[in-house]
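Chemist: What follows is work_28.tsv, made up of TSV, C-alpha atoms:
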chain	number	residue	atom	x	y	z
A	1	MET	CA	-33.75	-58.19	-24.74
A	2	GLU	CA	-31.06	-58.25	-27.42
A	3	ASP	CA	-28.76	-55.24	-27.48
A	4	GLY	CA	-29.81	-54.30	-31.03
A	5	LEU	CA	-33.44	-54.01	-29.95
A	6	ALA	CA	-32.90	-52.33	-26.58
A	7	ASN	CA	-33.52	-48.81	-27.92
A	8	MET	CA	-36.94	-49.93	-29.15
A	9	ALA	CA	-38.00	-51.33	-25.77
A	10	TYR	CA	-40.20	-48.32	-24.96
A	11	GLU	CA	-42.42	-49.30	-27.91
A	12	LEU	CA	-43.60	-52.20	-25.72
A	13	VAL	CA	-44.54	-49.77	-22.94
A	14	LYS	CA	-46.39	-47.51	-25.41
A	15	ALA	CA	-48.28	-50.55	-26.70
A	16	ALA	CA	-49.21	-51.48	-23.12
A	17	TYR	CA	-50.61	-47.97	-22.57
A	18	LEU	CA	-52.72	-48.36	-25.74
A	19	ILE	CA	-54.02	-51.78	-24.74
A	20	LEU	CA	-54.67	-50.74	-21.12
A	21	PRO	CA	-56.05	-47.17	-21.35
A	22	GLU	CA	-57.30	-47.21	-17.75
A	23	TYR	CA	-53.72	-47.23	-16.41
A	24	GLU	CA	-51.68	-44.03	-16.19
A	25	TYR	CA	-48.37	-45.40	-14.91
A	26	CYS	CA	-45.92	-48.16	-15.71
A	27	ILE	CA	-43.65	-49.22	-12.87
A	28	LEU	CA	-40.46	-51.28	-13.08
A	29	THR	CA	-38.67	-52.69	-10.06
A	30	VAL	CA	-35.18	-54.08	-10.43
A	31	THR	CA	-32.40	-55.08	-8.10
A	32	PRO	CA	-29.63	-52.48	-7.65
A	33	ALA	CA	-27.04	-54.91	-9.04
A	34	ILE	CA	-28.68	-55.17	-12.47
A	35	GLN	CA	-26.93	-53.42	-15.35
A	36	GLU	CA	-28.61	-50.21	-16.60
A	37	HIS	CA	-30.91	-50.72	-19.57
A	38	ALA	CA	-31.68	-48.34	-22.47
A	39	LEU	CA	-35.38	-48.56	-21.56
A	40	TRP	CA	-34.81	-46.76	-18.27
A	41	LYS	CA	-34.08	-43.40	-19.93
A	42	TYR	CA	-37.85	-43.17	-20.53
A	43	PHE	CA	-38.56	-43.68	-16.83
A	44	THR	CA	-37.96	-41.60	-13.72
A	45	LEU	CA	-35.97	-43.09	-10.89
A	46	VAL	CA	-37.93	-42.99	-7.62
A	47	PRO	CA	-35.61	-42.72	-4.62
A	48	PRO	CA	-36.24	-45.41	-1.99
A	49	LYS	CA	-37.08	-44.61	1.60
A	50	PRO	CA	-34.06	-45.35	3.80
A	51	ASN	CA	-33.54	-49.04	4.62
A	52	LEU	CA	-36.96	-50.13	3.36
A	53	SER	CA	-36.45	-51.60	-0.10
A	54	PRO	CA	-33.82	-53.87	-1.62
A	55	CYS	CA	-35.01	-52.83	-5.10
A	56	VAL	CA	-34.82	-49.82	-7.41
A	57	LEU	CA	-38.09	-48.39	-8.72
A	58	TYR	CA	-38.61	-46.67	-12.08
A	59	ILE	CA	-41.90	-45.05	-13.08
A	60	SER	CA	-43.30	-43.79	-16.37
A	61	ASN	CA	-46.47	-41.81	-17.04
A	62	ARG	CA	-48.54	-42.56	-20.14
A	63	PHE	CA	-48.23	-38.92	-21.22
A	64	SER	CA	-44.47	-38.63	-20.75
A	65	GLU	CA	-43.86	-39.23	-24.45
A	66	SER	CA	-46.67	-36.90	-25.57
A	67	GLY	CA	-45.76	-33.57	-27.05
A	68	THR	CA	-44.25	-31.25	-24.46
A	69	VAL	CA	-45.36	-27.65	-24.97
A	70	VAL	CA	-43.36	-24.75	-23.56
A	71	ARG	CA	-45.04	-21.37	-23.82
A	72	LYS	CA	-44.92	-17.97	-22.22
A	73	ALA	CA	-47.25	-17.76	-19.25
A	74	THR	CA	-50.15	-15.34	-19.30
A	75	GLU	CA	-52.25	-13.79	-16.57
A	76	THR	CA	-54.98	-16.37	-17.31
A	77	ASP	CA	-52.54	-19.09	-16.14
A	78	ILE	CA	-52.33	-17.78	-12.57
A	79	LEU	CA	-54.90	-20.19	-11.09
A	80	ASP	CA	-53.39	-23.22	-12.85
A	81	ILE	CA	-49.87	-22.17	-11.84
A	82	SER	CA	-51.10	-21.73	-8.26
A	83	SER	CA	-52.61	-25.24	-8.25
A	84	PHE	CA	-49.44	-26.73	-9.73
A	85	LEU	CA	-47.16	-24.96	-7.24
A	86	LYS	CA	-49.37	-26.01	-4.33
A	87	PHE	CA	-49.22	-29.64	-5.54
A	88	SER	CA	-45.42	-29.28	-5.91
A	89	ARG	CA	-45.16	-27.92	-2.37
A	90	ALA	CA	-43.32	-24.88	-3.70
A	91	SER	CA	-42.87	-21.93	-1.39
A	92	MET	CA	-45.39	-19.12	-1.16
A	93	GLN	CA	-42.60	-16.81	-2.36
A	94	THR	CA	-42.39	-18.79	-5.62
A	95	TYR	CA	-46.12	-18.32	-6.19
A	96	ASN	CA	-45.85	-14.61	-5.33
A	97	ASP	CA	-42.99	-14.20	-7.83
A	98	PHE	CA	-45.12	-15.67	-10.63
A	99	GLU	CA	-48.19	-13.67	-9.67
A	100	HIS	CA	-46.22	-10.43	-9.51
A	101	CYS	CA	-44.53	-11.18	-12.83
A	102	LEU	CA	-47.80	-11.90	-14.63
A	103	LYS	CA	-49.89	-9.09	-13.16
A	104	ASP	CA	-47.33	-6.31	-13.54
A	105	SER	CA	-47.03	-5.58	-17.26
A	106	ASP	CA	-44.30	-2.98	-16.60
A	107	ASN	CA	-42.24	-5.54	-14.70
A	108	ILE	CA	-38.97	-6.42	-16.41
A	109	LEU	CA	-39.83	-10.12	-15.89
A	110	ALA	CA	-43.36	-9.92	-17.32
A	111	LYS	CA	-42.44	-11.68	-20.56
A	112	LYS	CA	-40.02	-14.12	-18.99
A	113	SER	CA	-42.34	-16.59	-17.26
A	114	PHE	CA	-43.12	-19.92	-18.86
A	115	VAL	CA	-45.39	-22.90	-18.36
A	116	ILE	CA	-44.56	-26.43	-19.44
A	117	GLU	CA	-47.58	-28.47	-20.50
A	118	ILE	CA	-48.17	-32.06	-21.49
A	119	SER	CA	-51.61	-32.97	-22.82
A	120	GLY	CA	-52.92	-29.53	-21.82
A	121	GLN	CA	-51.88	-29.88	-18.16
A	122	ILE	CA	-49.18	-27.80	-16.49
A	123	VAL	CA	-46.29	-30.05	-15.42
A	124	GLY	CA	-43.73	-27.32	-14.86
A	125	VAL	CA	-43.05	-23.59	-14.61
A	126	ALA	CA	-39.99	-21.42	-15.16
A	127	LEU	CA	-39.26	-17.82	-14.28
A	128	LEU	CA	-36.32	-15.96	-15.83
A	129	GLY	CA	-34.78	-12.67	-14.76
A	130	GLN	CA	-32.63	-10.19	-16.62
A	131	CYS	CA	-29.02	-10.02	-15.51
A	132	LEU	CA	-28.70	-6.35	-14.54
A	133	ASN	CA	-25.59	-6.71	-12.38
A	134	SER	CA	-23.40	-9.64	-13.31
A	135	ARG	CA	-20.63	-8.77	-10.84
A	136	GLN	CA	-21.59	-11.49	-8.32
A	137	VAL	CA	-21.80	-14.19	-11.01
A	138	VAL	CA	-18.52	-13.17	-12.66
A	139	ASP	CA	-16.71	-12.84	-9.33
A	140	GLN	CA	-17.77	-16.30	-8.11
A	141	PHE	CA	-17.67	-18.34	-11.31
A	142	ASP	CA	-15.34	-18.61	-14.30
A	143	VAL	CA	-18.05	-17.54	-16.73
A	144	ALA	CA	-15.51	-16.31	-19.30
A	145	LYS	CA	-14.77	-19.94	-20.24
A	146	PHE	CA	-18.36	-20.34	-21.43
A	147	ILE	CA	-19.51	-16.87	-22.48
A	148	ASN	CA	-17.46	-14.71	-24.78
A	149	SER	CA	-18.45	-11.40	-23.16
A	150	SER	CA	-17.00	-9.02	-20.65
A	151	ARG	CA	-18.86	-8.34	-17.40
A	152	GLU	CA	-20.11	-5.00	-18.71
A	153	GLU	CA	-21.39	-6.64	-21.90
A	154	MET	CA	-23.38	-9.17	-19.86
A	155	ASP	CA	-25.39	-6.58	-17.92
A	156	GLY	CA	-28.87	-6.26	-19.37
A	157	LYS	CA	-28.20	-8.73	-22.19
A	158	TYR	CA	-28.47	-12.07	-20.45
A	159	LEU	CA	-31.17	-13.89	-18.53
A	160	TYR	CA	-30.83	-16.14	-15.55
A	161	LEU	CA	-33.10	-18.81	-14.16
A	162	LEU	CA	-34.87	-17.55	-11.04
A	163	THR	CA	-37.20	-20.50	-10.53
A	164	PHE	CA	-37.71	-23.84	-12.22
A	165	VAL	CA	-40.26	-26.32	-10.83
A	166	ILE	CA	-41.21	-29.46	-12.74
A	167	ASN	CA	-43.14	-32.59	-11.81
A	168	PRO	CA	-40.43	-35.22	-11.15
A	169	LEU	CA	-42.14	-37.60	-13.60
A	170	PHE	CA	-41.28	-35.20	-16.41
A	171	GLU	CA	-37.78	-34.19	-15.29
A	172	SER	CA	-36.36	-35.93	-18.34
A	173	GLN	CA	-37.94	-33.13	-20.43
A	174	SER	CA	-35.91	-30.41	-18.64
A	175	ARG	CA	-33.14	-30.16	-21.24
A	176	PHE	CA	-35.77	-29.75	-24.00
A	177	VAL	CA	-37.54	-27.07	-21.92
A	178	PHE	CA	-34.34	-25.06	-21.47
A	179	ARG	CA	-33.59	-25.24	-25.20
A	180	VAL	CA	-37.07	-23.94	-26.07
A	181	ILE	CA	-36.92	-21.16	-23.48
A	182	SER	CA	-33.53	-19.97	-24.74
A	183	LYS	CA	-34.79	-19.93	-28.36
A	184	THR	CA	-38.03	-18.18	-27.40
A	185	ASN	CA	-36.15	-15.21	-25.98
A	186	LEU	CA	-34.33	-12.74	-28.18
A	187	LEU	CA	-31.77	-12.44	-25.39
A	188	GLU	CA	-29.25	-15.19	-24.73
A	189	THR	CA	-30.03	-17.32	-21.71
A	190	TYR	CA	-27.70	-17.86	-18.79
A	191	ALA	CA	-29.04	-20.52	-16.43
A	192	ALA	CA	-28.14	-20.13	-12.77
A	193	SER	CA	-29.01	-22.63	-10.06
A	194	PRO	CA	-32.73	-23.50	-10.09
A	195	SER	CA	-34.61	-22.99	-6.85
Could you render the structure as structure tokens?

Modeler:
Amino acid sequence: MEDGLANMAYELVKAAYLILPEYEYCILTVTPAIQEHALWKYFTLVPPKPNLSPCVLYISNRFSESGTVVRKATETDILDISSFLKFSRASMQTYNDFEHCLKDSDNILAKKSFVIEISGQIVGVALLGQCLNSRQVVDQFDVAKFINSSREEMDGKYLYLLTFVINPLFESQSRFVFRVISKTNLLETYAASPS
């Protein structure tokens, strides 16, 4: 494909999904030596099993370019979140954290849990906590280069990411999800390492 048209390559994949509605996935296999193509940013790289394949595999879901919705989770989402976390092989502690957050309206985290949906189906969840004691973060990381606040000013005013689980097919949406979550909260968002 000519370089000038490379950014439009995904239009061919979208057309294939329209013509072939019974298929949910598009798979590309390429040799590792091939130069990266603009089309691949719409696909998820699937890691190979050790010593089994001489190729690289990319996969796309027909709904990956549909509107991604990020919204605060509610107590009515508990069963769907449970199903998603079970499918994701997340720990029981992760499920318990979400359940506790959603069922305890007095909990400081109650309004800080989110679901990520595509075409009405949960493809990810996020749980944020309020930074009540920033000492550990400030002592271990040079946060001052990124946040113009003293340690005392951070306490109670920032959030951190407790848990983030997303279906690997939709990982490319993560940056968008974090932007929406940070705008949804009145507090500024500080993202720590996802679990």

Chemist: If you measure from CA of Val180 in chain A to CA of Trp40 in chain A, what distance in Å do you get, rounded to one decimal?

Modeler: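 Result for CA of Val180 in chain A versus CA of Trp40 in chain A: 24.2 Å, one decimal.
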
Chemist: For Tyr23 in chain A, which residue out of A:Phe63, A:Tyr160, A:Phe176, A:Phe114 is the nearest one, using only C-alpha atoms?

Modeler: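 Selected residue with least distance to Tyr23 in chain A: A:Phe63.
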
Chemist: So the first atom is CA of Val69 in chain A and the second is CA of Cys131 in chain A; what is the distance between them in Å, to one decimal place?

Modeler: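 Interatomic distance here is 25.8 Å.
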
Chemist: Please measure the separation of CA of Asn51 in chain A and CA of Val165 in chain A, giving the value in Å to one decimal.

Modeler: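 Pair CA of Asn51 in chain A / CA of Val165 in chain A returns 28.3 Å.
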
Chemist: Draw an axis-aligned box over all listed atoms of range 12-16 of chain A, pad each side with 3 Å, and write its centre and edge lengths in Å, one decimal, as AutoDock Vina command-line options.

Modeler:
--center_x -46.4 --center_y -49.9 --center_z -24.8 --size_x 11.6 --size_y 10.7 --size_z 9.8

Chemist: Would you be able to write out as a short mmCIF file (atom, residue, chain, number, x, y, z; two decimals) with C-alpha atoms, keeping the file's coordinate frame which residues have an atom within 12 Å of (-40.2, -45.3, -27.1) in the file's coordinates, counting only C-alpha atoms?

Modeler:
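Now in part.cif:
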data_model
loop_
_atom_site.label_atom_id
_atom_site.label_comp_id
_atom_site.auth_asym_id
_atom_site.auth_seq_id
_atom_site.Cartn_x
_atom_site.Cartn_y
_atom_site.Cartn_z
CA LEU A 5 -33.44 -54.01 -29.95
CA ALA A 6 -32.90 -52.33 -26.58
CA ASN A 7 -33.52 -48.81 -27.92
CA MET A 8 -36.94 -49.93 -29.15
CA ALA A 9 -38.00 -51.33 -25.77
CA TYR A 10 -40.20 -48.32 -24.96
CA GLU A 11 -42.42 -49.30 -27.91
CA LEU A 12 -43.60 -52.20 -25.72
CA VAL A 13 -44.54 -49.77 -22.94
CA LYS A 14 -46.39 -47.51 -25.41
CA ALA A 15 -48.28 -50.55 -26.70
CA ALA A 16 -49.21 -51.48 -23.12
CA TYR A 17 -50.61 -47.97 -22.57
CA ALA A 38 -31.68 -48.34 -22.47
CA LEU A 39 -35.38 -48.56 -21.56
CA TRP A 40 -34.81 -46.76 -18.27
CA LYS A 41 -34.08 -43.40 -19.93
CA TYR A 42 -37.85 -43.17 -20.53
CA PHE A 43 -38.56 -43.68 -16.83
CA SER A 60 -43.30 -43.79 -16.37
CA ARG A 62 -48.54 -42.56 -20.14
CA PHE A 63 -48.23 -38.92 -21.22
CA SER A 64 -44.47 -38.63 -20.75
CA GLU A 65 -43.86 -39.23 -24.45
CA SER A 66 -46.67 -36.90 -25.57
#

Chemist: Between A:Phe87, A:Leu52, A:Thr94, A:Glu99, which residue has the minimum interatomic distance to Glu75 in chain A, considering all atoms listed in the file?

Modeler: A:Glu99

Chemist: Neighbouring residues of Asn96 in chain A were defined as those with any atom within 12 Å, considering all atoms listed in the file; residues of the same chain fewer than 5 positions away were excluded. Please report them as a PyMOL selection string.

Modeler: chain A and resi 78+81-82+85-86+90-91+101-104+127+163

Chemist: Mind checking which residues fall within 12 Å of Ser53 in chain A, counting all atoms listed in the file, ignoring those fewer than 3 positions away in the same chain, and posting them as an MDAnalysis selection string?

Modeler: chainID A and resid 29:32 46:50 56:57

Chemist: Measuring between only C-alpha atoms, which one of A:Pro168, A:Ile147, A:Ser119, A:Lys112 shows the shortest distance to Tyr58 in chain A?

Modeler: A:Pro168

Chemist: Taking into account only C-alpha atoms, which residue in the set A:Thr74, A:Thr44, A:Asn61, A:Ser83 is nearest to Cys26 in chain A?

Modeler: A:Asn61
